[in-house]
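Peer 1: My questions will all concern the structure given below.
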Amino acid sequence: MTTLASRTLVLFTLAGLITAAPMAEAGQPQAKVKKFTLVSVQFGDTKMWLPSTIVVNRGDKVKLSLKNEIPGEKSEHGFALPGYGITEIVRHGDLKTVEFVADKPGVFDYFCQLHPAHIGGQLVVEPVK
Ligand SMILES: [Cu+2]
């Protein structure tokens, strides 16, 4: 087999693996991976997590990337989502990632556990129809 032919075969094999992956979850046809980047920002004196609402379906695998863009050498902010047992500290310049399966429908608050005035948001987990 020529090098080109073997490379082509490898590519098709990889493509087959990639397209076959979602079929492995055939038992949960609506479950998807939902990725969000949540950023802590400051406007004037107000600090907040954005976006302030994220919506997923029950059963989705949720991947959150947490960033703290509030300036300051010692800038540390929290990210708590107690409904899913999550509590993190995010330093300026760090990237934290959090993963969980949204197995409970409902509306769950997220906020900075370090600063009560720091505005958080809500995770909405829609029941599967
Ligand atoms: Cu904070």
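Chain labels follow the order of the structure tokens: the first chain is A, the next B, and so on; residue numbering restarts at 1 in every chain, and ligands are counted from 1 in their shown order.
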Residues near Glu76 in chain A, anyone? I mean within 9 Å using only C-alpha atoms, not counting same-chain ones fewer than 2 positions away, as a PyMOL selection string.
Peer 2: chain A and resi 68+70+72-74+78+89-92+114
Peer 1: Within 10 Å of ligand 1, counting only C-alpha atoms and all ligand atoms, which protein or nucleic acid residues do you find, written as a list in words?
Peer 2: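 Selection of residues at most 10 Å from ligand 1: Ser40, Val41, Gln42, Lys47, Met48, Trp49, Asn68, Ile70, Ser75, Glu76, His77, Gly78, Phe79, Ile89, Val90, Phe111, Cys112, Gln113, Leu114, His115, Pro116, Ala117, His118, Ile119 and Gly120 of chain A.
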Peer 1: If you keep C-alpha atoms, can you produce a file of those selected residues as a tab-separated table (two decimals), in the first residue's frame?
Peer 2:
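And here is the file that came out, selection.tsv:
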```tsv
chain	number	residue	atom	x	y	z
A	40	SER	CA	-16.17	36.97	35.97
A	41	VAL	CA	-16.03	40.62	34.91
A	42	GLN	CA	-16.25	44.06	36.46
A	47	LYS	CA	-18.64	42.40	39.63
A	48	MET	CA	-20.61	39.66	37.91
A	49	TRP	CA	-20.46	36.25	36.31
A	68	ASN	CA	-11.73	35.48	36.19
A	70	ILE	CA	-11.42	41.01	37.15
A	75	SER	CA	-7.94	38.87	42.30
A	76	GLU	CA	-9.66	35.69	43.46
A	77	HIS	CA	-13.32	34.96	42.92
A	78	GLY	CA	-15.49	32.04	43.72
A	79	PHE	CA	-17.84	29.98	41.64
A	89	ILE	CA	-11.88	29.45	43.50
A	90	VAL	CA	-10.75	31.10	40.26
A	111	PHE	CA	-22.58	32.83	42.54
A	112	CYS	CA	-19.28	33.88	44.05
A	113	GLN	CA	-19.15	32.37	47.51
A	114	LEU	CA	-16.41	34.83	48.53
A	115	HIS	CA	-18.25	38.10	47.86
A	116	PRO	CA	-22.00	38.43	48.46
A	117	ALA	CA	-22.20	41.55	46.25
A	118	HIS	CA	-20.69	39.70	43.26
A	119	ILE	CA	-23.64	38.97	40.95
A	120	GLY	CA	-24.13	35.40	39.83
```
Peer 1: Tell me, which residues of range 35-83 of chain A carry DSSP strand (DSSP E), written as a VMD selection string?
Peer 2: chain A and resid 35 to 43 46 to 50 53 to 57 61 to 68 76 to 81
Peer 1: Deliver the residues from the most recent selection as a file, using C-alpha atoms, as an mmCIF file, in the first residue's frame.
Peer 2:
```cif
data_model
loop_
_atom_site.group_PDB
_atom_site.id
_atom_site.type_symbol
_atom_site.label_atom_id
_atom_site.label_comp_id
_atom_site.auth_asym_id
_atom_site.auth_seq_id
_atom_site.Cartn_x
_atom_site.Cartn_y
_atom_site.Cartn_z
ATOM 1 C CA LYS A 35 -19.893 23.699 26.782
ATOM 2 C CA PHE A 36 -19.992 27.175 28.255
ATOM 3 C CA THR A 37 -17.343 29.703 29.160
ATOM 4 C CA LEU A 38 -18.300 31.697 32.228
ATOM 5 C CA VAL A 39 -16.350 34.866 32.861
ATOM 6 C CA SER A 40 -16.174 36.975 35.971
ATOM 7 C CA VAL A 41 -16.033 40.619 34.910
ATOM 8 C CA GLN A 42 -16.252 44.064 36.463
ATOM 9 C CA PHE A 43 -18.173 47.087 35.161
ATOM 10 C CA THR A 46 -20.083 45.864 39.941
ATOM 11 C CA LYS A 47 -18.639 42.397 39.629
ATOM 12 C CA MET A 48 -20.614 39.659 37.909
ATOM 13 C CA TRP A 49 -20.459 36.245 36.315
ATOM 14 C CA LEU A 50 -21.466 36.239 32.624
ATOM 15 C CA THR A 53 -28.193 32.292 32.484
ATOM 16 C CA ILE A 54 -27.205 28.974 30.963
ATOM 17 C CA VAL A 55 -29.777 26.465 29.744
ATOM 18 C CA VAL A 56 -29.277 22.723 29.223
ATOM 19 C CA ASN A 57 -31.466 19.646 29.006
ATOM 20 C CA LYS A 61 -23.016 16.542 30.108
ATOM 21 C CA VAL A 62 -22.106 20.113 31.046
ATOM 22 C CA LYS A 63 -18.578 21.458 30.726
ATOM 23 C CA LEU A 64 -17.955 24.863 32.253
ATOM 24 C CA SER A 65 -14.767 26.816 31.657
ATOM 25 C CA LEU A 66 -14.396 29.398 34.414
ATOM 26 C CA LYS A 67 -12.373 32.565 33.891
ATOM 27 C CA ASN A 68 -11.732 35.484 36.186
ATOM 28 C CA GLU A 76 -9.655 35.685 43.462
ATOM 29 C CA HIS A 77 -13.317 34.960 42.920
ATOM 30 C CA GLY A 78 -15.488 32.041 43.720
ATOM 31 C CA PHE A 79 -17.842 29.981 41.642
ATOM 32 C CA ALA A 80 -20.394 28.005 43.604
ATOM 33 C CA LEU A 81 -23.218 25.920 42.146
#
```
Peer 1: Quote the spacing between CA of Gly83 in chain A and CA of Phe108 in chain A in Å to one decimal place.
Peer 2: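 If I compute the distance from CA of Gly83 in chain A to CA of Phe108 in chain A, I get 5.8 Å.
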Peer 1: Would you mind reading off the distance between CA of Gly106 in chain A and CA of Val128 in chain A, one decimal, in Å?
Peer 2: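 Computing it gives 11.4 Å between the two atoms.
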Peer 1: Grab the CA of Leu95 in chain A to CA of Pro51 in chain A distance for me, in Å with one decimal place.
Peer 2: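 These two atoms are separated by 16.2 Å.
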